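S.K.: Sharing final-v3.pdb (PDB, C-alpha atoms) below.
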```pdb
ATOM      1  CA  MET A   1     -17.107  -7.746  -9.725
ATOM      2  CA  LEU A   2     -16.893  -7.598 -13.497
ATOM      3  CA  THR A   3     -20.362  -7.599 -15.019
ATOM      4  CA  CYS A   4     -18.938  -9.208 -18.172
ATOM      5  CA  ALA A   5     -17.764 -12.158 -16.105
ATOM      6  CA  ALA A   6     -20.755 -12.508 -13.777
ATOM      7  CA  PHE A   7     -23.683 -14.823 -14.421
ATOM      8  CA  LEU A   8     -26.944 -13.599 -12.944
ATOM      9  CA  THR A   9     -28.053 -17.166 -12.236
ATOM     10  CA  LYS A  10     -25.235 -17.426  -9.717
ATOM     11  CA  TYR A  11     -26.838 -14.658  -7.650
ATOM     12  CA  ALA A  12     -30.429 -15.879  -7.916
ATOM     13  CA  PRO A  13     -32.872 -15.205  -6.342
ATOM     14  CA  GLY A  14     -31.202 -11.918  -5.476
ATOM     15  CA  PRO A  15     -31.716  -9.098  -4.802
ATOM     16  CA  ILE A  16     -28.888  -7.603  -6.879
ATOM     17  CA  ARG A  17     -27.726  -4.035  -6.609
ATOM     18  CA  VAL A  18     -26.375  -2.494  -9.810
ATOM     19  CA  GLU A  19     -24.589   0.830  -9.414
ATOM     20  CA  PRO A  20     -21.916   2.858 -11.199
ATOM     21  CA  LEU A  21     -18.249   2.351 -10.355
ATOM     22  CA  ALA A  22     -17.644   3.961  -6.976
ATOM     23  CA  HIS A  23     -15.285   6.942  -6.524
ATOM     24  CA  PHE A  24     -15.570   8.153 -10.116
ATOM     25  CA  PRO A  25     -17.844  11.047 -11.099
ATOM     26  CA  VAL A  26     -21.093   9.817 -12.613
ATOM     27  CA  VAL A  27     -22.050  11.228 -16.006
ATOM     28  CA  ARG A  28     -25.398   9.475 -16.153
ATOM     29  CA  ASP A  29     -26.937   6.219 -14.947
ATOM     30  CA  LEU A  30     -24.053   3.718 -14.905
ATOM     31  CA  VAL A  31     -21.709   5.850 -17.004
ATOM     32  CA  THR A  32     -18.683   7.173 -15.135
ATOM     33  CA  GLU A  33     -15.983   9.631 -16.141
ATOM     34  CA  VAL A  34     -12.621   7.840 -15.994
ATOM     35  CA  THR A  35     -10.241  10.404 -17.504
ATOM     36  CA  ASP A  36      -8.587  10.762 -14.100
ATOM     37  CA  PHE A  37      -7.520   7.112 -14.206
ATOM     38  CA  VAL A  38      -6.217   7.389 -17.766
ATOM     39  CA  ASP A  39      -4.162  10.475 -16.831
ATOM     40  CA  LYS A  40      -2.711   8.704 -13.811
ATOM     41  CA  LEU A  41      -1.855   5.696 -15.906
ATOM     42  CA  LYS A  42       0.107   7.878 -18.340
ATOM     43  CA  HIS A  43       1.826   9.624 -15.443
ATOM     44  CA  VAL A  44       3.523   6.402 -14.267
ATOM     45  CA  LYS A  45       4.942   5.687 -17.754
ATOM     46  CA  PRO A  46       3.587   2.144 -18.105
ATOM     47  CA  TRP A  47       5.909   1.135 -20.905
ATOM     48  CA  VAL A  48       9.530   0.002 -21.226
ATOM     49  CA  VAL A  49      11.653   3.124 -20.757
ATOM     50  CA  ARG A  50      15.156   3.011 -22.218
ATOM     51  CA  GLU A  51      17.860   5.630 -21.777
ATOM     52  CA  GLU A  52      19.166   4.709 -25.205
ATOM     53  CA  ASP A  53      17.429   2.532 -27.751
ATOM     54  CA  LYS A  54      19.260  -0.660 -28.495
ATOM     55  CA  PRO A  55      20.271  -0.967 -32.180
ATOM     56  CA  LEU A  56      18.263  -3.566 -34.077
ATOM     57  CA  GLU A  57      21.468  -5.418 -35.061
ATOM     58  CA  GLU A  58      22.017  -6.338 -31.423
ATOM     59  CA  GLY A  59      18.884  -8.460 -31.520
ATOM     60  CA  GLU A  60      16.114  -8.941 -29.014
ATOM     61  CA  PHE A  61      16.213  -8.405 -25.265
ATOM     62  CA  LYS A  62      16.775 -11.594 -23.341
ATOM     63  CA  GLN A  63      14.595 -12.459 -20.363
ATOM     64  CA  THR A  64      14.681 -15.651 -18.320
ATOM     65  CA  PRO A  65      11.509 -17.295 -16.965
ATOM     66  CA  ALA A  66      12.642 -16.318 -13.448
ATOM     67  CA  GLU A  67      12.972 -12.661 -14.483
ATOM     68  CA  LEU A  68       9.540 -12.787 -16.097
ATOM     69  CA  SER A  69       7.950 -14.411 -13.070
ATOM     70  CA  ASP A  70       9.046 -11.415 -10.986
ATOM     71  CA  PHE A  71       6.391  -9.189 -12.552
ATOM     72  CA  LYS A  72       4.166 -11.484 -14.629
ATOM     73  CA  SER A  73       1.194 -11.298 -12.277
ATOM     74  CA  TYR A  74       1.190  -7.480 -12.603
ATOM     75  CA  THR A  75       0.936  -7.736 -16.392
ATOM     76  CA  MET A  76      -2.486  -9.343 -15.978
ATOM     77  CA  CYS A  77      -4.114  -5.986 -15.140
ATOM     78  CA  ILE A  78      -6.959  -5.246 -17.546
ATOM     79  CA  ASN A  79      -7.546  -1.663 -16.351
ATOM     80  CA  CYS A  80     -11.040  -2.508 -15.139
ATOM     81  CA  MET A  81     -10.711   0.025 -12.284
ATOM     82  CA  LEU A  82     -12.408  -2.235  -9.745
ATOM     83  CA  CYS A  83      -9.412  -1.623  -7.485
ATOM     84  CA  TYR A  84     -10.074   2.140  -7.595
ATOM     85  CA  SER A  85     -13.668   1.468  -6.735
ATOM     86  CA  ALA A  86     -12.624  -0.697  -3.768
ATOM     87  CA  CYS A  87      -9.930   1.686  -2.488
ATOM     88  CA  PRO A  88     -11.247   4.023   0.249
ATOM     89  CA  VAL A  89      -8.061   6.101   0.030
ATOM     90  CA  TYR A  90      -8.827   6.977  -3.593
ATOM     91  CA  GLY A  91     -12.401   7.832  -2.565
ATOM     92  CA  LEU A  92     -11.135  10.176   0.145
ATOM     93  CA  GLU A  93      -8.131  11.595  -1.719
ATOM     94  CA  PRO A  94      -8.781  11.699  -5.477
ATOM     95  CA  GLY A  95      -5.194  12.918  -5.986
ATOM     96  CA  PHE A  96      -3.885   9.448  -5.050
ATOM     97  CA  ALA A  97      -2.314   7.685  -8.037
ATOM     98  CA  GLY A  98      -4.261   4.562  -7.150
ATOM     99  CA  PRO A  99      -3.695   0.799  -7.091
ATOM    100  CA  ALA A 100      -3.674  -0.147 -10.789
ATOM    101  CA  ALA A 101      -1.376   2.684 -11.889
ATOM    102  CA  LEU A 102       1.108   1.895  -9.104
ATOM    103  CA  ALA A 103       0.982  -1.845  -9.781
ATOM    104  CA  LEU A 104       1.694  -1.170 -13.446
ATOM    105  CA  ALA A 105       4.558   1.156 -12.520
ATOM    106  CA  GLN A 106       5.992  -1.660 -10.432
ATOM    107  CA  ARG A 107       5.424  -4.093 -13.318
ATOM    108  CA  TYR A 108       7.840  -2.040 -15.451
ATOM    109  CA  ASN A 109      10.244  -1.329 -12.587
ATOM    110  CA  LEU A 110      10.735  -5.068 -12.148
ATOM    111  CA  ASP A 111      11.149  -5.690 -15.877
ATOM    112  CA  ASN A 112      14.858  -6.217 -16.585
ATOM    113  CA  ARG A 113      14.537  -4.413 -19.955
ATOM    114  CA  ASP A 114      13.314  -1.216 -18.336
ATOM    115  CA  GLU A 115      15.479   1.726 -17.186
ATOM    116  CA  GLY A 116      12.749   4.080 -15.982
ATOM    117  CA  ASN A 117      12.860   3.155 -12.291
ATOM    118  CA  ASP A 118      14.480   6.416 -11.116
ATOM    119  CA  GLU A 119      12.087   8.577 -13.087
ATOM    120  CA  ARG A 120       9.052   6.700 -11.771
ATOM    121  CA  MET A 121      10.398   6.822  -8.229
ATOM    122  CA  ALA A 122      10.772  10.609  -8.473
ATOM    123  CA  ARG A 123       7.175  10.843  -9.660
ATOM    124  CA  LEU A 124       5.633   8.356  -7.269
ATOM    125  CA  SER A 125       7.572   8.462  -3.993
ATOM    126  CA  ASN A 126       5.376  11.215  -2.557
ATOM    127  CA  ASP A 127       2.056  11.867  -0.826
ATOM    128  CA  GLU A 128       0.047  11.309  -3.989
ATOM    129  CA  GLY A 129       1.959   8.177  -4.876
ATOM    130  CA  ILE A 130       3.010   5.123  -2.911
ATOM    131  CA  TRP A 131       2.984   6.795   0.517
ATOM    132  CA  SER A 132      -0.760   7.495   0.369
ATOM    133  CA  CYS A 133      -1.519   3.781   0.413
ATOM    134  CA  THR A 134      -2.510   2.694   3.915
ATOM    135  CA  MET A 135      -2.722  -0.989   2.997
ATOM    136  CA  VAL A 136      -6.427  -1.531   3.372
ATOM    137  CA  GLY A 137      -5.902  -4.451   0.987
ATOM    138  CA  GLU A 138      -9.334  -4.300  -0.641
ATOM    139  CA  CYS A 139      -7.855  -3.563  -4.093
ATOM    140  CA  SER A 140      -6.286  -7.026  -4.145
ATOM    141  CA  GLU A 141      -9.537  -8.606  -2.936
ATOM    142  CA  ALA A 142     -11.519  -6.875  -5.691
ATOM    143  CA  CYS A 143      -9.059  -7.645  -8.503
ATOM    144  CA  PRO A 144     -10.604 -10.192 -10.900
ATOM    145  CA  LYS A 145      -7.170 -11.097 -12.333
ATOM    146  CA  ASP A 146      -5.265 -11.710  -9.061
ATOM    147  CA  VAL A 147      -2.849  -8.873  -9.744
ATOM    148  CA  ASP A 148      -2.397  -8.014  -6.039
ATOM    149  CA  PRO A 149      -1.886  -4.249  -6.383
ATOM    150  CA  ALA A 150      -1.613  -3.926  -2.568
ATOM    151  CA  GLY A 151       1.414  -6.237  -2.586
ATOM    152  CA  ALA A 152       2.954  -4.335  -5.506
ATOM    153  CA  ILE A 153       2.619  -1.027  -3.642
ATOM    154  CA  GLN A 154       4.155  -2.438  -0.447
ATOM    155  CA  ARG A 155       7.127  -3.701  -2.470
ATOM    156  CA  TYR A 156       7.380  -0.284  -4.055
ATOM    157  CA  LYS A 157       7.331   1.353  -0.611
ATOM    158  CA  LEU A 158      10.190  -0.870   0.539
ATOM    159  CA  ALA A 159      12.188   0.125  -2.552
ATOM    160  CA  GLY A 160      11.291   3.801  -1.913
ATOM    161  CA  ALA A 161      12.435   3.601   1.720
ATOM    162  CA  ALA A 162      15.688   1.877   0.691
ATOM    163  CA  GLU A 163      16.246   4.578  -1.927
ATOM    164  CA  TRP A 164      15.675   7.321   0.657
ATOM    165  CA  TRP A 165      18.154   5.764   3.103
ATOM    166  CA  LYS A 166      20.708   5.332   0.334
ATOM    167  CA  SER A 167      20.477   8.996  -0.660
ATOM    168  CA  PHE A 168      20.477  10.064   3.033
ATOM    169  CA  ILE A 169      23.677   8.117   3.815
ATOM    170  CA  THR A 170      25.342   9.331   0.601
ATOM    171  CA  ARG A 171      24.484  12.936   1.497
ATOM    172  CA  LYS A 172      25.823  12.496   5.034
ATOM    173  CA  GLY A 173      28.997  10.877   3.740
ATOM    174  CA  LYS A 174      29.866  13.865   1.575
TER     175      LYS A 174
ATOM    176  CA  MET B  11      -9.887  32.376 -45.436
ATOM    177  CA  GLU B  12      -9.396  30.156 -42.430
ATOM    178  CA  SER B  13     -12.459  29.598 -40.317
ATOM    179  CA  LYS B  14     -12.180  30.582 -36.670
ATOM    180  CA  THR B  15     -15.029  28.341 -35.619
ATOM    181  CA  GLY B  16     -13.849  25.913 -32.956
ATOM    182  CA  TYR B  17     -15.404  23.011 -31.179
ATOM    183  CA  ALA B  18     -15.982  23.033 -27.459
ATOM    184  CA  LEU B  19     -15.378  19.760 -25.651
ATOM    185  CA  HIS B  20     -18.583  18.241 -24.366
ATOM    186  CA  HIS B  21     -18.518  18.377 -20.598
ATOM    187  CA  PRO B  22     -21.661  16.952 -19.013
ATOM    188  CA  LYS B  23     -22.506  17.818 -15.446
ATOM    189  CA  TRP B  24     -20.975  15.146 -13.245
ATOM    190  CA  GLN B  25     -22.246  13.838 -10.013
ATOM    191  CA  ARG B  26     -19.621  13.176  -7.388
ATOM    192  CA  ASP B  27     -20.780  11.881  -4.025
ATOM    193  CA  ALA B  28     -18.755  13.004  -1.013
ATOM    194  CA  LYS B  29     -17.551  10.156   1.169
ATOM    195  CA  PRO B  30     -19.336  10.253   4.541
ATOM    196  CA  ILE B  31     -17.172  10.526   7.640
ATOM    197  CA  PHE B  32     -18.334   7.118   8.873
ATOM    198  CA  TRP B  33     -17.701   5.350   5.562
ATOM    199  CA  TRP B  34     -15.717   2.692   7.391
ATOM    200  CA  VAL B  35     -18.595   1.343   9.513
ATOM    201  CA  LYS B  36     -20.267  -0.218   6.470
ATOM    202  CA  ARG B  37     -17.976  -3.237   6.273
ATOM    203  CA  TRP B  38     -16.126  -5.350   8.824
ATOM    204  CA  VAL B  39     -12.993  -5.215   6.689
ATOM    205  CA  TYR B  40     -12.920  -1.422   6.922
ATOM    206  CA  ILE B  41     -13.634  -1.491  10.670
ATOM    207  CA  GLY B  42     -10.686  -3.871  11.090
ATOM    208  CA  PHE B  43      -8.519  -1.561   9.018
ATOM    209  CA  ILE B  44      -9.434   1.522  11.068
ATOM    210  CA  PHE B  45      -8.781  -0.425  14.273
ATOM    211  CA  ARG B  46      -5.379  -1.503  12.930
ATOM    212  CA  GLU B  47      -4.543   2.135  12.123
ATOM    213  CA  LEU B  48      -5.669   3.260  15.588
ATOM    214  CA  THR B  49      -3.323   0.777  17.256
ATOM    215  CA  SER B  50      -0.499   3.068  16.050
ATOM    216  CA  VAL B  51      -1.570   5.430  18.857
ATOM    217  CA  ALA B  52      -0.929   2.637  21.369
ATOM    218  CA  VAL B  53       2.491   2.009  19.797
ATOM    219  CA  ALA B  54       3.370   5.710  20.159
ATOM    220  CA  TYR B  55       2.053   5.715  23.743
ATOM    221  CA  SER B  56       4.145   2.644  24.636
ATOM    222  CA  ALA B  57       7.294   4.188  23.144
ATOM    223  CA  ILE B  58       6.779   7.428  25.104
ATOM    224  CA  LEU B  59       6.055   5.463  28.308
ATOM    225  CA  MET B  60       9.282   3.514  27.803
ATOM    226  CA  ILE B  61      11.268   6.749  27.466
ATOM    227  CA  ILE B  62       9.669   8.172  30.633
ATOM    228  CA  LEU B  63      10.430   4.916  32.473
ATOM    229  CA  TYR B  64      14.030   5.046  31.284
ATOM    230  CA  ARG B  65      14.354   8.659  32.464
ATOM    231  CA  SER B  66      13.009   7.707  35.893
ATOM    232  CA  VAL B  67      15.596   4.898  36.172
ATOM    233  CA  GLN B  68      18.294   7.437  35.273
ATOM    234  CA  SER B  69      17.021   9.883  37.891
ATOM    235  CA  GLY B  70      17.617   7.499  40.795
ATOM    236  CA  PRO B  71      15.763   4.964  42.988
ATOM    237  CA  GLU B  72      13.348   7.537  44.426
ATOM    238  CA  ALA B  73      12.075   8.666  41.013
ATOM    239  CA  TYR B  74      11.844   5.047  39.862
ATOM    240  CA  ALA B  75       9.795   4.037  42.932
ATOM    241  CA  GLN B  76       7.497   7.016  42.311
ATOM    242  CA  MET B  77       7.075   5.942  38.696
ATOM    243  CA  LEU B  78       6.234   2.352  39.718
ATOM    244  CA  GLU B  79       3.651   3.641  42.166
ATOM    245  CA  CYS B  80       2.084   5.737  39.439
ATOM    246  CA  LEU B  81       2.014   2.750  37.060
ATOM    247  CA  SER B  82       0.385   0.504  39.655
ATOM    248  CA  HIS B  83      -2.667   2.754  39.863
ATOM    249  CA  PRO B  84      -5.741   0.783  38.634
ATOM    250  CA  VAL B  85      -6.476   3.308  35.842
ATOM    251  CA  MET B  86      -2.899   3.038  34.574
ATOM    252  CA  LEU B  87      -3.080  -0.760  34.772
ATOM    253  CA  VAL B  88      -6.230  -0.807  32.603
ATOM    254  CA  ILE B  89      -4.674   1.633  30.102
ATOM    255  CA  ASN B  90      -1.474  -0.390  29.886
ATOM    256  CA  VAL B  91      -3.256  -3.736  29.471
ATOM    257  CA  LEU B  92      -5.310  -2.224  26.622
ATOM    258  CA  ALA B  93      -2.157  -0.702  25.115
ATOM    259  CA  LEU B  94      -0.374  -4.066  25.329
ATOM    260  CA  GLY B  95      -3.246  -5.774  23.495
ATOM    261  CA  ALA B  96      -3.265  -3.087  20.799
ATOM    262  CA  VAL B  97       0.528  -3.261  20.363
ATOM    263  CA  LEU B  98       0.372  -7.062  20.051
ATOM    264  CA  TYR B  99      -2.372  -6.773  17.433
ATOM    265  CA  HIS B 100      -0.318  -4.127  15.595
ATOM    266  CA  SER B 101       2.808  -6.314  15.643
ATOM    267  CA  ILE B 102       1.008  -9.461  14.497
ATOM    268  CA  THR B 103      -0.744  -7.711  11.587
ATOM    269  CA  TRP B 104       2.570  -6.034  10.682
ATOM    270  CA  PHE B 105       4.449  -9.354  10.590
ATOM    271  CA  ASN B 106       1.646 -11.001   8.629
ATOM    272  CA  LEU B 107       1.860  -8.245   6.015
ATOM    273  CA  SER B 108       5.650  -8.371   5.742
ATOM    274  CA  PRO B 109       5.701 -11.024   2.956
ATOM    275  CA  LYS B 110       3.689  -8.593   0.793
ATOM    276  CA  ALA B 111       6.551  -6.094   0.866
ATOM    277  CA  MET B 112       9.494  -8.478   1.006
ATOM    278  CA  VAL B 113      10.102 -10.729  -1.947
ATOM    279  CA  VAL B 114      13.251 -12.736  -1.284
ATOM    280  CA  ARG B 115      14.854 -14.846  -3.973
ATOM    281  CA  LEU B 116      17.641 -17.336  -3.557
ATOM    282  CA  GLY B 117      18.680 -18.031  -7.130
ATOM    283  CA  ASP B 118      15.517 -19.113  -8.931
ATOM    284  CA  TRP B 119      13.768 -20.089  -5.715
ATOM    285  CA  ARG B 120      11.381 -17.600  -4.175
ATOM    286  CA  VAL B 121      11.300 -17.873  -0.411
ATOM    287  CA  PRO B 122       7.683 -18.731   0.583
ATOM    288  CA  ASP B 123       5.611 -16.065   2.359
ATOM    289  CA  LEU B 124       5.234 -18.321   5.387
ATOM    290  CA  MET B 125       8.992 -18.458   5.870
ATOM    291  CA  ILE B 126       9.342 -14.650   5.650
ATOM    292  CA  ALA B 127       6.591 -14.063   8.211
ATOM    293  CA  GLY B 128       7.987 -16.969  10.280
ATOM    294  CA  GLY B 129      11.449 -15.371  10.239
ATOM    295  CA  ASN B 130       9.991 -12.163  11.651
ATOM    296  CA  TYR B 131       8.164 -14.055  14.393
ATOM    297  CA  ALA B 132      11.319 -16.062  15.192
ATOM    298  CA  GLY B 133      13.321 -12.823  15.519
ATOM    299  CA  TRP B 134      10.615 -11.341  17.759
ATOM    300  CA  PHE B 135      10.537 -14.354  20.077
ATOM    301  CA  LEU B 136      14.327 -14.609  20.159
ATOM    302  CA  ILE B 137      14.754 -10.952  21.205
ATOM    303  CA  SER B 138      11.928 -11.319  23.765
ATOM    304  CA  ALA B 139      13.570 -14.483  25.146
ATOM    305  CA  VAL B 140      16.964 -12.712  25.485
ATOM    306  CA  ILE B 141      15.335  -9.784  27.346
ATOM    307  CA  ALA B 142      13.365 -12.185  29.582
ATOM    308  CA  ALA B 143      16.521 -14.202  30.322
ATOM    309  CA  ALA B 144      18.491 -11.038  31.133
ATOM    310  CA  TYR B 145      15.686  -9.956  33.506
ATOM    311  CA  ILE B 146      15.415 -13.343  35.249
ATOM    312  CA  LEU B 147      19.140 -13.975  35.525
ATOM    313  CA  GLY B 148      20.193 -10.373  36.170
TER     314      GLY B 148
END
```
Can the structure in the file be given as structure tokens, please?

M.R.:
Amino acid sequence: MLTCAAFLTKYAPGPIRVEPLAHFPVVRDLVTEVTDFVDKLKHVKPWVVREEDKPLEEGEFKQTPAELSDFKSYTMCINCMLCYSACPVYGLEPGFAGPAALALAQRYNLDNRDEGNDERMARLSNDEGIWSCTMVGECSEACPKDVDPAGAIQRYKLAGAAEWWKSFITRKGK
Amino acid sequence: MESKTGYALHHPKWQRDAKPIFWWVKRWVYIGFIFRELTSVAVAYSAILMIILYRSVQSGPEAYAQMLECLSHPVMLVINVLALGAVLYHSITWFNLSPKAMVVRLGDWRVPDLMIAGGNYAGWFLISAVIAAAYILG
């Protein structure tokens, strides 16, 4: 749980166990080294990718409430890394991109302004990306913002499988 | 003159605990997860058994009778009952997870999770009913 959002009185009379974030190397006491997470976050390009920038004269991008609702829950991620701490796969295979990074990748994939889906798929449809997730589901349980990274990754897997079949059939057809 | 003095990045000694092999026995959720993963073995076993059974049917009545005799052995019965239970558990957890992966929209309306899982169950029962009917009537 987030210590900034937890009241000790709620857990009285205890005992309470305070320990550093699991699965990250400990520098000292409760201080962990989280560069790995930051690197993985950058790797998934968590921003709106455009093949060509739209000229300013054309005005803003339009987005309907229905289009926004498709990914809104994933925008709530605050990068607290509790999902990494809860994910046994990340603990066993530190190369795994991890729940938050994949959920944020999916957040931009589902954004109708974004055009980076193919690039992200090429980066993440592999053993260190979506296919490492074994759907333990604890990331979604641990998330304090109800982001549901496990659900995001399963949706991403479905898109990855569909993409593979599409390319397989196209290859066979040639 | 340009100074060649550089700064080295501070890199404290980190402590990284290795995950013990029995990490999953600490919580019921993890035990359930490992059990769910293990049921895949039963799914593979059932698929292979089905292929062997099919081959015996192809090979004639004698081979089929021999196969049935082998399957009626008490050890095989116990194995197959356990495999059936594991396959059912695997299927149920699979169908329950399906709404996580499938987000279906009809216009602005998002089809509820219950309906997606329910659709899977309905398909399962329908196919089972057709097979059962073909067996009983045929």

S.K.: Which residues are close to segment 95-101 of chain B, i.e. within 7 Å by all atoms listed in the file, leaving aside same-chain residues fewer than 2 positions away? Reply as a VMD selection string.

M.R.: chain B and resid 46 49 52 to 53 91 to 93 103 to 105

S.K.: Using all atoms listed in the file, I'd like a table of the residues in chain A that come within 12 Å of chain B; for each, show the closest atom pair and its distance in Å rounded to one decimal, ordered by chain and ascending number, as a Markdown table.

M.R.:
```
| residue | atom | partner | partner_atom | distance |
| --- | --- | --- | --- | --- |
| A:Pro20 | CA | B:Gln25 | CA | 11.0 |
| A:Leu21 | CA | B:Arg26 | CA | 11.3 |
| A:Ala22 | CA | B:Asp27 | CA | 9.0 |
| A:His23 | CA | B:Arg26 | CA | 7.6 |
| A:Phe24 | CA | B:Arg26 | CA | 7.0 |
| A:Pro25 | CA | B:Arg26 | CA | 4.6 |
| A:Val26 | CA | B:Gln25 | CA | 4.9 |
| A:Val27 | CA | B:Trp24 | CA | 4.9 |
| A:Arg28 | CA | B:Trp24 | CA | 7.8 |
| A:Asp29 | CA | B:Gln25 | CA | 10.2 |
| A:Leu30 | CA | B:Gln25 | CA | 11.4 |
| A:Val31 | CA | B:Trp24 | CA | 10.1 |
| A:Thr32 | CA | B:Trp24 | CA | 8.5 |
| A:Glu33 | CA | B:Trp24 | CA | 8.0 |
| A:Val34 | CA | B:Trp24 | CA | 11.4 |
| A:Thr35 | CA | B:His21 | CA | 11.9 |
| A:Thr64 | CA | B:Asp118 | CA | 10.0 |
| A:Pro65 | CA | B:Asp118 | CA | 9.2 |
| A:Ala66 | CA | B:Asp118 | CA | 6.0 |
| A:Glu67 | CA | B:Asp118 | CA | 8.9 |
| A:Leu68 | CA | B:Asp118 | CA | 11.3 |
| A:Ser69 | CA | B:Asp118 | CA | 9.8 |
| A:Asp70 | CA | B:Val113 | CA | 9.1 |
| A:Phe71 | CA | B:Val113 | CA | 11.3 |
| A:Ala86 | CA | B:Tyr40 | CA | 10.7 |
| A:Cys87 | CA | B:Tyr40 | CA | 10.4 |
| A:Pro88 | CA | B:Trp33 | CA | 8.5 |
| A:Val89 | CA | B:Lys29 | CA | 10.4 |
| A:Tyr90 | CA | B:Lys29 | CA | 10.4 |
| A:Gly91 | CA | B:Lys29 | CA | 6.8 |
| A:Leu92 | CA | B:Lys29 | CA | 6.5 |
| A:Glu93 | CA | B:Lys29 | CA | 10.0 |
| A:Pro94 | CA | B:Ala28 | CA | 11.0 |
| A:Leu110 | CA | B:Val113 | CA | 11.7 |
| A:Thr134 | CA | B:Glu47 | CA | 8.5 |
| A:Met135 | CA | B:Phe43 | CA | 8.4 |
| A:Val136 | CA | B:Phe43 | CA | 6.0 |
| A:Gly137 | CA | B:Phe43 | CA | 8.9 |
| A:Glu138 | CA | B:Val39 | CA | 8.2 |
| A:Ser140 | CA | B:Lys110 | CA | 11.2 |
| A:Glu141 | CA | B:Val39 | CA | 10.8 |
| A:Asp148 | CA | B:Lys110 | CA | 9.2 |
| A:Pro149 | CA | B:Lys110 | CA | 10.1 |
| A:Ala150 | CA | B:Lys110 | CA | 7.8 |
| A:Gly151 | CA | B:Lys110 | CA | 4.7 |
| A:Ala152 | CA | B:Ala111 | CA | 7.5 |
| A:Ile153 | CA | B:Ala111 | CA | 7.8 |
| A:Gln154 | CA | B:Ala111 | CA | 4.6 |
| A:Arg155 | CA | B:Ala111 | CA | 4.1 |
| A:Tyr156 | CA | B:Ala111 | CA | 7.7 |
| A:Lys157 | CA | B:Ala111 | CA | 7.6 |
| A:Leu158 | CA | B:Ala111 | CA | 6.4 |
| A:Ala159 | CA | B:Ala111 | CA | 9.1 |
| A:Gly160 | CA | B:Ala111 | CA | 11.3 |
| A:Ala161 | CA | B:Ala111 | CA | 11.4 |
```

S.K.: Go ahead and write the residues just picked, C-alpha atoms, as a short mmCIF file (atom, residue, chain, number, x, y, z; two decimals), in the frame of the given file.

M.R.:
```cif
data_model
loop_
_atom_site.label_atom_id
_atom_site.label_comp_id
_atom_site.auth_asym_id
_atom_site.auth_seq_id
_atom_site.Cartn_x
_atom_site.Cartn_y
_atom_site.Cartn_z
CA PRO A 20 -21.92 2.86 -11.20
CA LEU A 21 -18.25 2.35 -10.36
CA ALA A 22 -17.64 3.96 -6.98
CA HIS A 23 -15.28 6.94 -6.52
CA PHE A 24 -15.57 8.15 -10.12
CA PRO A 25 -17.84 11.05 -11.10
CA VAL A 26 -21.09 9.82 -12.61
CA VAL A 27 -22.05 11.23 -16.01
CA ARG A 28 -25.40 9.48 -16.15
CA ASP A 29 -26.94 6.22 -14.95
CA LEU A 30 -24.05 3.72 -14.90
CA VAL A 31 -21.71 5.85 -17.00
CA THR A 32 -18.68 7.17 -15.14
CA GLU A 33 -15.98 9.63 -16.14
CA VAL A 34 -12.62 7.84 -15.99
CA THR A 35 -10.24 10.40 -17.50
CA THR A 64 14.68 -15.65 -18.32
CA PRO A 65 11.51 -17.30 -16.96
CA ALA A 66 12.64 -16.32 -13.45
CA GLU A 67 12.97 -12.66 -14.48
CA LEU A 68 9.54 -12.79 -16.10
CA SER A 69 7.95 -14.41 -13.07
CA ASP A 70 9.05 -11.42 -10.99
CA PHE A 71 6.39 -9.19 -12.55
CA ALA A 86 -12.62 -0.70 -3.77
CA CYS A 87 -9.93 1.69 -2.49
CA PRO A 88 -11.25 4.02 0.25
CA VAL A 89 -8.06 6.10 0.03
CA TYR A 90 -8.83 6.98 -3.59
CA GLY A 91 -12.40 7.83 -2.56
CA LEU A 92 -11.14 10.18 0.14
CA GLU A 93 -8.13 11.60 -1.72
CA PRO A 94 -8.78 11.70 -5.48
CA LEU A 110 10.74 -5.07 -12.15
CA THR A 134 -2.51 2.69 3.92
CA MET A 135 -2.72 -0.99 3.00
CA VAL A 136 -6.43 -1.53 3.37
CA GLY A 137 -5.90 -4.45 0.99
CA GLU A 138 -9.33 -4.30 -0.64
CA SER A 140 -6.29 -7.03 -4.14
CA GLU A 141 -9.54 -8.61 -2.94
CA ASP A 148 -2.40 -8.01 -6.04
CA PRO A 149 -1.89 -4.25 -6.38
CA ALA A 150 -1.61 -3.93 -2.57
CA GLY A 151 1.41 -6.24 -2.59
CA ALA A 152 2.95 -4.34 -5.51
CA ILE A 153 2.62 -1.03 -3.64
CA GLN A 154 4.16 -2.44 -0.45
CA ARG A 155 7.13 -3.70 -2.47
CA TYR A 156 7.38 -0.28 -4.06
CA LYS A 157 7.33 1.35 -0.61
CA LEU A 158 10.19 -0.87 0.54
CA ALA A 159 12.19 0.12 -2.55
CA GLY A 160 11.29 3.80 -1.91
CA ALA A 161 12.44 3.60 1.72
#
```

S.K.: Which residues are close to Leu104 of chain A, i.e. within 8 Å by all atoms listed in the file, leaving aside same-chain residues fewer than 4 positions away? Reply as number ranges by chain.

M.R.: A: 44, 46, 74-75, 77, 100, 108

S.K.: So how far away is atom CA of Leu56 of chain A from atom CA of Arg107 of chain A, in Å?

M.R.: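 That distance, rounded to one decimal, is 24.4 Å.
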
S.K.: Tell me, in Å to one decimal, how far atom CA of Glu60 of chain A is from atom CA of Val48 of chain A.

M.R.: 13.6 Å

S.K.: What is the distance between atom CA of Ile137 of chain B and atom CA of Val114 of chain B, in Å to one decimal?

M.R.: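 According to the coordinates, atom CA of Ile137 of chain B and atom CA of Val114 of chain B are separated by 22.6 Å.
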
S.K.: Just so the selection is clear, what residues does the PyMOL selection byres ((chain B and resi 122-133) around 6) cover here, as a list of chain:residue names?

M.R.: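 Output of the PyMOL selection byres ((chain B and resi 122-133) around 6): B:Phe105, B:Asn106, B:Pro109, B:Val121, B:Trp134, B:Phe135, B:Leu136.
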